[in-house]
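J.: This is the structure I want to talk about, given as structure tokens.
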Amino acid sequence: MKRSLRELGEAIHARVLGDDRVEVSAVSSIGQAAASDLVFVESEKDLEAALASGAAAVIAGRFAADRQALKPLLIAEQPRLAFARAAAYLNSHAGYAPGVHASAMIDPSARIAADVTIEERVVIREQVEIGSGSRIAAGCVVGAGVKLGARCHLYPNVTVYPATRLGDRVVVHAGAVLGGDGFGYARDRETGKYEKFPQVGALEIGDDVEIGANSTIDRGALDLTRIGSGTKIDNLVHIGHNVQVGRDVVIAAQTGISGSAVIEDGVMIGGQVGIADHVRIEAGAILGAQSGIPSKKVIRGKGVVFWGTPARPIGEYLKGLAALARLTRKS
Amino acid sequence: MKRSLRELGEAIHARVLGDDRVEVSAVSSIGQAAASDLVFVESEKDLEAALASGAAAVIAGRFAADRQALKPLLIAEQPRLAFARAAAYLNSHAGYAPGVHASAMIDPSARIAADVTIEERVVIREQVEIGSGSRIAAGCVVGAGVKLGARCHLYPNVTVYPATRLGDRVVVHAGAVLGGDGFGYARDRETGKYEKFPQVGALEIGDDVEIGANSTIDRGALDLTRIGSGTKIDNLVHIGHNVQVGRDVVIAAQTGISGSAVIEDGVMIGGQVGIADHVRIEAGAILGAQSGIPSKKVIRGKGVVFWGTPARPIGEYLKGLAALARLTRKS
Amino acid sequence: MKRSLRELGEAIHARVLGDDRVEVSAVSSIGQAAASDLVFVESEKDLEAALASGAAAVIAGRFAADRQALKPLLIAEQPRLAFARAAAYLNSHAGYAPGVHASAMIDPSARIAADVTIEERVVIREQVEIGSGSRIAAGCVVGAGVKLGARCHLYPNVTVYPATRLGDRVVVHAGAVLGGDGFGYARDRETGKYEKFPQVGALEIGDDVEIGANSTIDRGALDLTRIGSGTKIDNLVHIGHNVQVGRDVVIAAQTGISGSAVIEDGVMIGGQVGIADHVRIEAGAILGAQSGIPSKKVIRGKGVVFWGTPARPIGEYLKGLAALARLTRKS
């Protein structure tokens, strides 16, 4: 949908320089920009290319504010953030026609808001609640007693086990499995056989969480697994039973978090990181890709990068690598 | 379903101390226990909290046997195991109403036991056999010639490729893929192109196996991939073609086992472990999380923990870490 | 389907020694071979066993060419490759009856070739194009504007996001997710909250690509993610947004490739490898299992094996391990 720069600038809190009646309808990279596209630059060195592109307008930082430009500019403190918001704004009226497809199978006891979209072959069981504006794509199976807030979006073929609760605006990509049984067994000392430890707790997910394709988040064994609001989880991530993830945490692809670990607010976790059971990652720590945190460890240091297995502050880790390299050269 | 402690004690081989007419209906953590819940403690230090909780009764070890308690106790040699069995017993009559949903598509040549539950939109192809009491959840696709034993449970959206065989009481969580093609190609030395090596073997899974969400287990290339009885596999695990996994093995999340590896009985494998092709892990060995076993290696040592890449006995691995740390401090 | 050795020899460019009227119908391992099976040997030491097996005929290298054998032989330069081709040839007429199942839901604007197979409960959205001979298995969801070439095969429960393009003969195993949103956010410096960076690019896959079960390949953020022709991808692999993968690349299970990485032609990547963002792996390099490539690194060396994290040429890596082992013994 076309929007004038004036309207857009107000929506994303950016100042328009140049003709604010110019209209844009989509975001683009500088290389691909077409006539009604909006692009962005984060540093002065990219500004020329953006102005020379096919785009209708450019979001830029204050570095561009006193510039005579051939195209209108939107000046923002954080250009990348402003661009993200512009994309969401331009897309906000795209929407899907609400409605329930005839092939969806919905238990009569489910409470579904009036303006929800439910696509082909969705199965929704007893006592499910789905909030306003939510969209459940084809092939999803939503277990008994599951609660989804407003404007959630489940992509195709997602499975939600019974009693899972999602807040508002939670996005779950295709194939993800929410609320499955945790991996817990009691081993019989006499026979060596494993018997299933009860996995009867629930999974609770806050608001504005995004969960990547084919990721799996288990419910608690007896209590809760919790994912805090604003947290973003990439593809193929595993989160075990009873894990507590705080707010605004990012977890990159293929990371695994074992049972009862605690990840505090604002932690950043790279790809393929392994976090053992009962670990605590304190607020704001950063775990480099492939690092490993052994059982029960506490990682502390806001803004500090940890790397390696077992993970150490990155300076220490790099010193170890350098020492080993010297040793290798000598031998 | 409510059960008296007398009945429960007999079922799980625990001795009741106190009023054995008291009834319980569910298991719980100590913190969450409600009036008809059963909790457990493994050590004396937790007993007070359990007795002070809202629970109706407590499973405990012999340490509690001569104790005057405010609640009835069930005394068991292995309290955690007794609790697991109690949970299974209390849940055993929950059951699903058997029946085939009208939207399921079942080939007429399939042989389905009378008391099976087949949910919405399940596809079952020619010559499939499904044993008594099994349950196939919504969205599963079961390929031609697949055989499931009694009381198996496939959770939603599981795909089973043709000719896979499952024993009795096998549980497969949502999104898992069983019997897919292995990763094998013949590379043409002249063109550098890969042509698919035939992946026409089968996958055979024993009794009492549990397989986590979104895990993938490939069929053999020409022969069999085998998973032994009692083995438990977590989420997002990959098991390649021709792998032989023994009995009562546990494999934690995101571990990958390459083609033709052999994992003997009772092995314990942590999360994110990588096992290369043609490796042999001998009976009872323990592989720490993220460890890696290079191609064709043999790992031997019942009860010995191996760690690192390439994996060594943990004592040796920790010495290496310590030596490196000293070296780093010196430099 | 039965084929004479004469016909088969012509198809796979192998020379028949012995009775070329003998017929075979399937491939097998030597241990399992039945009367109409074909087996192969790559070295002379396995020839006796092959000749003593139940197989009807044996593919072998030139080492067997002057041999008086009890069974007919097919002599090929590359016996394993010839065997792979023979398997494909014997299977080429197996085929599925083309047709669209009554339960499939296909948007009227989709253009589907006449001889396509579309199974139960498939959903195909507006403007999709599907080429001749392709097969879409039960439960797949194919988003708006997706294009599949000729003779593609999607196994059950695959999700293809809108605007993804596949070439000819692309095979996608069960549960894979193609074209999902990449993992990109803009973090608000003031609030610490993440807002979604637009993920509106596309995914383009060449010809003859095979993608394993439950793998996930994201679309570009603003531009394209590309997978080159002939590339083979194992199970549970993650490929992030804007990644460029060349031709004839192999990627083993559970490897993750982060945003904007470039993998050139003919690269071989082991299992559980982690490749950070903006890395370049130059043509023909080989990455050992579990190795890790830090952000923005360039890996160069055709035919050179790299191992470890951060990955080094394997000789250097092994020297490091040896030096550490000596150090450990001393201490």
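Naming works like this for the structure tokens: A, B, ... for the chains as they're shown, residue 1 at the start of each chain, ligands 1 onward in shown order.
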Considering only C-alpha atoms, extract the chain C residues located within 7 Å of chain A and return them as a list in words.
T.: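 The answer, sorted by residue number, is Val141, Thr159, Gly175, Val177, Phe183, Ala186, Arg187, Asp188, Lys193, Tyr194, Glu195, Lys196, Phe197, Pro198, Asn214, Thr216, Leu222, Asp223, Lys319, Gly320 and Ala323 of chain C.
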J.: What's around region 108-116 of chain B at 8 Å? Count only C-alpha atoms, leave out sequence neighbours fewer than 4 positions away in its own chain, and write the answer as an MDAnalysis selection string.
T.: chainID B and resid 98:100 124:135
J.: Go ahead and save the residues from that selection, with N, CA, C and O atoms, as a short mmCIF file (atom, residue, chain, number, x, y, z; two decimals), in the first residue's frame.
T.:
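This is the output file part_37.cif:
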```
data_model
loop_
_atom_site.label_atom_id
_atom_site.label_comp_id
_atom_site.auth_asym_id
_atom_site.auth_seq_id
_atom_site.Cartn_x
_atom_site.Cartn_y
_atom_site.Cartn_z
N PRO B 98 -10.86 -45.02 21.31
CA PRO B 98 -10.39 -45.53 20.01
C PRO B 98 -11.38 -45.16 18.92
O PRO B 98 -12.54 -44.87 19.19
N GLY B 99 -10.86 -45.14 17.71
CA GLY B 99 -11.74 -44.79 16.60
C GLY B 99 -10.94 -44.13 15.51
O GLY B 99 -9.82 -43.66 15.73
N VAL B 100 -11.50 -44.13 14.32
CA VAL B 100 -10.84 -43.56 13.16
C VAL B 100 -11.62 -42.33 12.73
O VAL B 100 -12.82 -42.41 12.46
N ILE B 124 -2.66 -43.15 5.65
CA ILE B 124 -2.07 -44.47 5.86
C ILE B 124 -2.12 -45.24 4.54
O ILE B 124 -3.20 -45.42 3.98
N ARG B 125 -0.95 -45.66 4.07
CA ARG B 125 -0.87 -46.23 2.72
C ARG B 125 -1.00 -47.76 2.72
O ARG B 125 -1.19 -48.39 3.75
N GLU B 126 -0.81 -48.30 1.55
CA GLU B 126 -1.06 -49.72 1.34
C GLU B 126 -0.16 -50.60 2.22
O GLU B 126 0.99 -50.27 2.48
N GLN B 127 -0.75 -51.70 2.67
CA GLN B 127 -0.03 -52.76 3.41
C GLN B 127 0.50 -52.32 4.77
O GLN B 127 1.33 -53.02 5.35
N VAL B 128 0.09 -51.17 5.25
CA VAL B 128 0.50 -50.77 6.61
C VAL B 128 -0.17 -51.69 7.62
O VAL B 128 -1.31 -52.11 7.43
N GLU B 129 0.56 -51.97 8.72
CA GLU B 129 -0.04 -52.72 9.83
C GLU B 129 0.11 -51.92 11.11
O GLU B 129 1.19 -51.44 11.43
N ILE B 130 -0.97 -51.78 11.86
CA ILE B 130 -0.94 -51.02 13.11
C ILE B 130 -1.53 -51.87 14.22
O ILE B 130 -2.67 -52.32 14.13
N GLY B 131 -0.72 -52.06 15.29
CA GLY B 131 -1.11 -52.97 16.36
C GLY B 131 -2.08 -52.34 17.36
O GLY B 131 -2.28 -51.12 17.40
N SER B 132 -2.58 -53.19 18.19
CA SER B 132 -3.62 -52.88 19.17
C SER B 132 -3.26 -51.70 20.08
O SER B 132 -2.16 -51.61 20.61
N GLY B 133 -4.22 -50.80 20.25
CA GLY B 133 -4.05 -49.70 21.19
C GLY B 133 -3.16 -48.57 20.70
O GLY B 133 -2.89 -47.63 21.44
N SER B 134 -2.69 -48.64 19.47
CA SER B 134 -1.82 -47.56 18.97
C SER B 134 -2.63 -46.32 18.64
O SER B 134 -3.85 -46.38 18.43
N ARG B 135 -1.93 -45.19 18.62
CA ARG B 135 -2.60 -43.92 18.37
C ARG B 135 -1.78 -43.11 17.37
O ARG B 135 -0.59 -42.88 17.59
#
```
J.: Using the chain letters and numbers from this document, which residues of region 44-268 of chain B does DSSP assign to helix (DSSP H, G or I), as a PyMOL selection string?
T.: chain B and resi 44-52+62-64+79-91
J.: Would you put the residues from that selection into a file with N, CA, C and O atoms, as a short mmCIF file (atom, residue, chain, number, x, y, z; two decimals), in the first residue's frame?
T.:
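Resulting contents of again.cif:
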```cif
data_model
loop_
_atom_site.label_atom_id
_atom_site.label_comp_id
_atom_site.auth_asym_id
_atom_site.auth_seq_id
_atom_site.Cartn_x
_atom_site.Cartn_y
_atom_site.Cartn_z
N GLU B 44 16.89 -36.85 52.35
CA GLU B 44 16.26 -36.47 53.61
C GLU B 44 16.06 -34.97 53.70
O GLU B 44 15.09 -34.49 54.27
N LYS B 45 16.98 -34.21 53.14
CA LYS B 45 16.93 -32.75 53.30
C LYS B 45 15.67 -32.14 52.66
O LYS B 45 15.28 -31.03 53.02
N ASP B 46 15.06 -32.83 51.71
CA ASP B 46 13.86 -32.29 51.07
C ASP B 46 12.56 -32.77 51.73
O ASP B 46 11.47 -32.34 51.33
N LEU B 47 12.70 -33.64 52.71
CA LEU B 47 11.50 -34.28 53.26
C LEU B 47 10.58 -33.28 53.97
O LEU B 47 9.36 -33.31 53.79
N GLU B 48 11.17 -32.38 54.74
CA GLU B 48 10.35 -31.40 55.46
C GLU B 48 9.45 -30.62 54.51
O GLU B 48 8.26 -30.45 54.75
N ALA B 49 10.06 -30.11 53.42
CA ALA B 49 9.30 -29.31 52.46
C ALA B 49 8.17 -30.12 51.86
O ALA B 49 7.05 -29.62 51.66
N ALA B 50 8.44 -31.38 51.56
CA ALA B 50 7.40 -32.23 50.97
C ALA B 50 6.25 -32.43 51.96
O ALA B 50 5.07 -32.37 51.58
N LEU B 51 6.61 -32.64 53.22
CA LEU B 51 5.56 -32.87 54.22
C LEU B 51 4.77 -31.60 54.50
O LEU B 51 3.59 -31.66 54.83
N ALA B 52 5.41 -30.46 54.32
CA ALA B 52 4.72 -29.17 54.54
C ALA B 52 3.93 -28.72 53.32
O ALA B 52 3.19 -27.75 53.38
N ARG B 62 14.26 -45.07 51.91
CA ARG B 62 14.24 -45.72 53.21
C ARG B 62 14.60 -44.78 54.35
O ARG B 62 14.25 -45.02 55.49
N PHE B 63 15.30 -43.70 53.99
CA PHE B 63 15.68 -42.73 55.03
C PHE B 63 14.46 -42.19 55.80
O PHE B 63 14.59 -41.67 56.90
N ALA B 64 13.28 -42.32 55.20
CA ALA B 64 12.08 -41.77 55.83
C ALA B 64 11.26 -42.84 56.55
O ALA B 64 10.20 -42.56 57.10
N PRO B 79 13.21 -43.81 44.90
CA PRO B 79 12.00 -42.96 44.95
C PRO B 79 11.67 -42.29 43.60
O PRO B 79 10.50 -42.17 43.26
N ARG B 80 12.69 -41.87 42.86
CA ARG B 80 12.45 -41.21 41.57
C ARG B 80 11.80 -42.18 40.58
O ARG B 80 10.86 -41.84 39.86
N LEU B 81 12.31 -43.41 40.58
CA LEU B 81 11.74 -44.45 39.72
C LEU B 81 10.31 -44.78 40.14
O LEU B 81 9.42 -44.93 39.29
N ALA B 82 10.09 -44.86 41.46
CA ALA B 82 8.75 -45.16 41.95
C ALA B 82 7.77 -44.04 41.55
O ALA B 82 6.62 -44.30 41.19
N PHE B 83 8.26 -42.81 41.62
CA PHE B 83 7.42 -41.66 41.23
C PHE B 83 7.08 -41.74 39.73
O PHE B 83 5.94 -41.49 39.32
N ALA B 84 8.08 -42.09 38.91
CA ALA B 84 7.83 -42.23 37.46
C ALA B 84 6.77 -43.30 37.21
O ALA B 84 5.85 -43.12 36.40
N ARG B 85 6.89 -44.41 37.95
CA ARG B 85 5.91 -45.49 37.77
C ARG B 85 4.53 -45.08 38.27
O ARG B 85 3.51 -45.45 37.69
N ALA B 86 4.52 -44.33 39.37
CA ALA B 86 3.23 -43.87 39.90
C ALA B 86 2.53 -42.96 38.88
O ALA B 86 1.32 -43.06 38.66
N ALA B 87 3.32 -42.08 38.26
CA ALA B 87 2.74 -41.18 37.25
C ALA B 87 2.15 -41.98 36.10
O ALA B 87 1.05 -41.70 35.62
N ALA B 88 2.89 -43.00 35.65
CA ALA B 88 2.39 -43.82 34.54
C ALA B 88 1.12 -44.56 34.96
O ALA B 88 0.16 -44.67 34.20
N TYR B 89 1.11 -45.05 36.20
CA TYR B 89 -0.04 -45.80 36.68
C TYR B 89 -1.28 -44.90 36.79
O TYR B 89 -2.38 -45.27 36.35
N LEU B 90 -1.09 -43.72 37.35
CA LEU B 90 -2.23 -42.80 37.50
C LEU B 90 -2.79 -42.37 36.15
O LEU B 90 -3.95 -42.04 36.01
N ASN B 91 -1.93 -42.38 35.16
CA ASN B 91 -2.31 -41.91 33.83
C ASN B 91 -2.79 -43.03 32.91
O ASN B 91 -3.29 -42.79 31.82
#
```
J.: For a test of reading the model, state the distance in Å between CA of Ala97 (chain B) and CA of His13 (chain B), rounded to one decimal.
T.: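 Distance reported for this atom pair: 29.5 Å.
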J.: Hey, what does DSSP flag as strand (DSSP E or B) within region 147-296 of chain C? Can you give it to me as a PyMOL selection string?
T.: chain C and resi 147-148+153-154+159-160+165-166+171-172+177-180+185-187+194-196+202-205+210-211+216-218+224-227+232-233+238-239+244-245+250-251+256-257+262-263+268-269+274-275+280-281+286-287+292-293
J.: So, counting only C-alpha atoms, which residue among A:Ile269, A:Ala14, A:Val279, A:Gly143 is closest to Val304 (chain A)?
T.: A:Ile269
J.: Quick one: everything within 6 Å of Leu203 (chain A), counting only C-alpha atoms, minus sequence neighbours fewer than 2 positions away in the same chain. Send it as a ChimeraX atom specification.
T.: /A:164,179,219,224-226
J.: Restricted to N, CA and C atoms, what would the selected residues look like written as a PDB file, in the first residue's frame?
T.:
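Everything below was put into result-v9.pdb:
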```
ATOM      1  N   THR A 164      -0.206 -25.356  26.291  1.00  0.00           N
ATOM      2  CA  THR A 164       0.779 -24.305  26.013  1.00  0.00           C
ATOM      3  C   THR A 164       0.063 -22.951  25.960  1.00  0.00           C
ATOM      4  N   GLY A 179       5.846 -27.156  23.330  1.00  0.00           N
ATOM      5  CA  GLY A 179       5.211 -27.823  24.463  1.00  0.00           C
ATOM      6  C   GLY A 179       5.306 -29.329  24.461  1.00  0.00           C
ATOM      7  N   ARG A 219       7.737 -28.525  27.180  1.00  0.00           N
ATOM      8  CA  ARG A 219       7.040 -28.067  28.374  1.00  0.00           C
ATOM      9  C   ARG A 219       7.818 -28.488  29.625  1.00  0.00           C
ATOM     10  N   LEU A 224       6.857 -25.232  34.982  1.00  0.00           N
ATOM     11  CA  LEU A 224       6.736 -24.498  33.721  1.00  0.00           C
ATOM     12  C   LEU A 224       8.067 -24.350  33.004  1.00  0.00           C
ATOM     13  N   THR A 225       8.030 -24.359  31.680  1.00  0.00           N
ATOM     14  CA  THR A 225       9.084 -23.771  30.861  1.00  0.00           C
ATOM     15  C   THR A 225       8.571 -22.382  30.481  1.00  0.00           C
ATOM     16  N   ARG A 226       9.465 -21.362  30.551  1.00  0.00           N
ATOM     17  CA  ARG A 226       9.008 -19.998  30.262  1.00  0.00           C
ATOM     18  C   ARG A 226       9.915 -19.300  29.284  1.00  0.00           C
TER      19      ARG A 226
END
```
J.: Can you tell me which residues surround Gly284 (chain B) at a distance of at most 6 Å, considering only C-alpha atoms, apart from same-chain residues fewer than 4 positions away, and format the answer as a PyMOL selection string?
T.: chain B and resi 266-267+302-303
J.: Write the residues of the preceding selection, restricted to all heavy atoms, as a JSON list (two decimals), in the first residue's frame.
T.:
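New file selection-v8.json:
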```json
[["chain", "number", "residue", "atom", "x", "y", "z"],
["B", 266, "GLY", "N", 23.41, -49.47, 26.39],
["B", 266, "GLY", "CA", 23.62, -48.71, 27.61],
["B", 266, "GLY", "C", 24.52, -47.49, 27.48],
["B", 266, "GLY", "O", 24.89, -46.89, 28.49],
["B", 267, "VAL", "N", 24.88, -47.11, 26.28],
["B", 267, "VAL", "CA", 25.70, -45.90, 26.09],
["B", 267, "VAL", "C", 24.86, -44.67, 26.43],
["B", 267, "VAL", "O", 23.64, -44.65, 26.19],
["B", 267, "VAL", "CB", 26.23, -45.85, 24.63],
["B", 267, "VAL", "CG1", 26.77, -44.48, 24.28],
["B", 267, "VAL", "CG2", 27.29, -46.93, 24.43],
["B", 302, "LYS", "N", 33.29, -48.82, 29.96],
["B", 302, "LYS", "CA", 31.98, -48.80, 30.61],
["B", 302, "LYS", "C", 31.99, -47.82, 31.77],
["B", 302, "LYS", "O", 32.87, -47.90, 32.64],
["B", 302, "LYS", "CB", 31.66, -50.22, 31.10],
["B", 302, "LYS", "CG", 30.22, -50.35, 31.52],
["B", 302, "LYS", "CD", 29.81, -51.79, 31.72],
["B", 302, "LYS", "CE", 28.39, -51.79, 32.27],
["B", 302, "LYS", "NZ", 27.81, -53.14, 32.34],
["B", 303, "GLY", "N", 31.09, -46.89, 31.76],
["B", 303, "GLY", "CA", 31.01, -45.92, 32.85],
["B", 303, "GLY", "C", 32.05, -44.81, 32.77],
["B", 303, "GLY", "O", 32.08, -43.92, 33.62]]
```
J.: Could you please determine the separation between CA of Ile239 (chain C) and CA of Glu190 (chain B) in Å, to one decimal place?
T.: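 We find that CA of Ile239 (chain C) and CA of Glu190 (chain B) lie 28.7 Å from each other.
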J.: I'd like the interatomic distance between CA of Tyr317 (chain B) and CA of Thr309 (chain C), to a tenth of an Å.
T.: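 CA of Thr309 (chain C) lies 16.5 Å from CA of Tyr317 (chain B).
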J.: Would you pick out the contacts of Leu38 (chain B) at 6 Å or less, using only C-alpha atoms, so that residues sharing its chain but fewer than 6 positions from it are not included, and give the list as a list in words?
T.: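 Within the cut-off, the hits are Val27, Ala55, Ala57 and Val58 of chain B.
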J.: Save the residues we just selected, N, CA and C atoms, as a PDB file, in the first residue's frame?
T.:
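Written out: selection_32.pdb:
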```pdb
ATOM      1  N   VAL B  27       0.511 -36.471  39.766  1.00  0.00           N
ATOM      2  CA  VAL B  27       1.825 -36.172  40.331  1.00  0.00           C
ATOM      3  C   VAL B  27       2.077 -34.673  40.226  1.00  0.00           C
ATOM      4  N   ALA B  55       0.542 -31.512  49.170  1.00  0.00           N
ATOM      5  CA  ALA B  55       0.333 -32.853  48.613  1.00  0.00           C
ATOM      6  C   ALA B  55      -0.391 -33.787  49.574  1.00  0.00           C
ATOM      7  N   ALA B  57       0.264 -37.105  49.632  1.00  0.00           N
ATOM      8  CA  ALA B  57       1.200 -38.156  50.056  1.00  0.00           C
ATOM      9  C   ALA B  57       2.552 -37.930  49.413  1.00  0.00           C
ATOM     10  N   VAL B  58       3.563 -38.592  49.994  1.00  0.00           N
ATOM     11  CA  VAL B  58       4.950 -38.383  49.574  1.00  0.00           C
ATOM     12  C   VAL B  58       5.623 -39.733  49.340  1.00  0.00           C
TER      13      VAL B  58
END
```
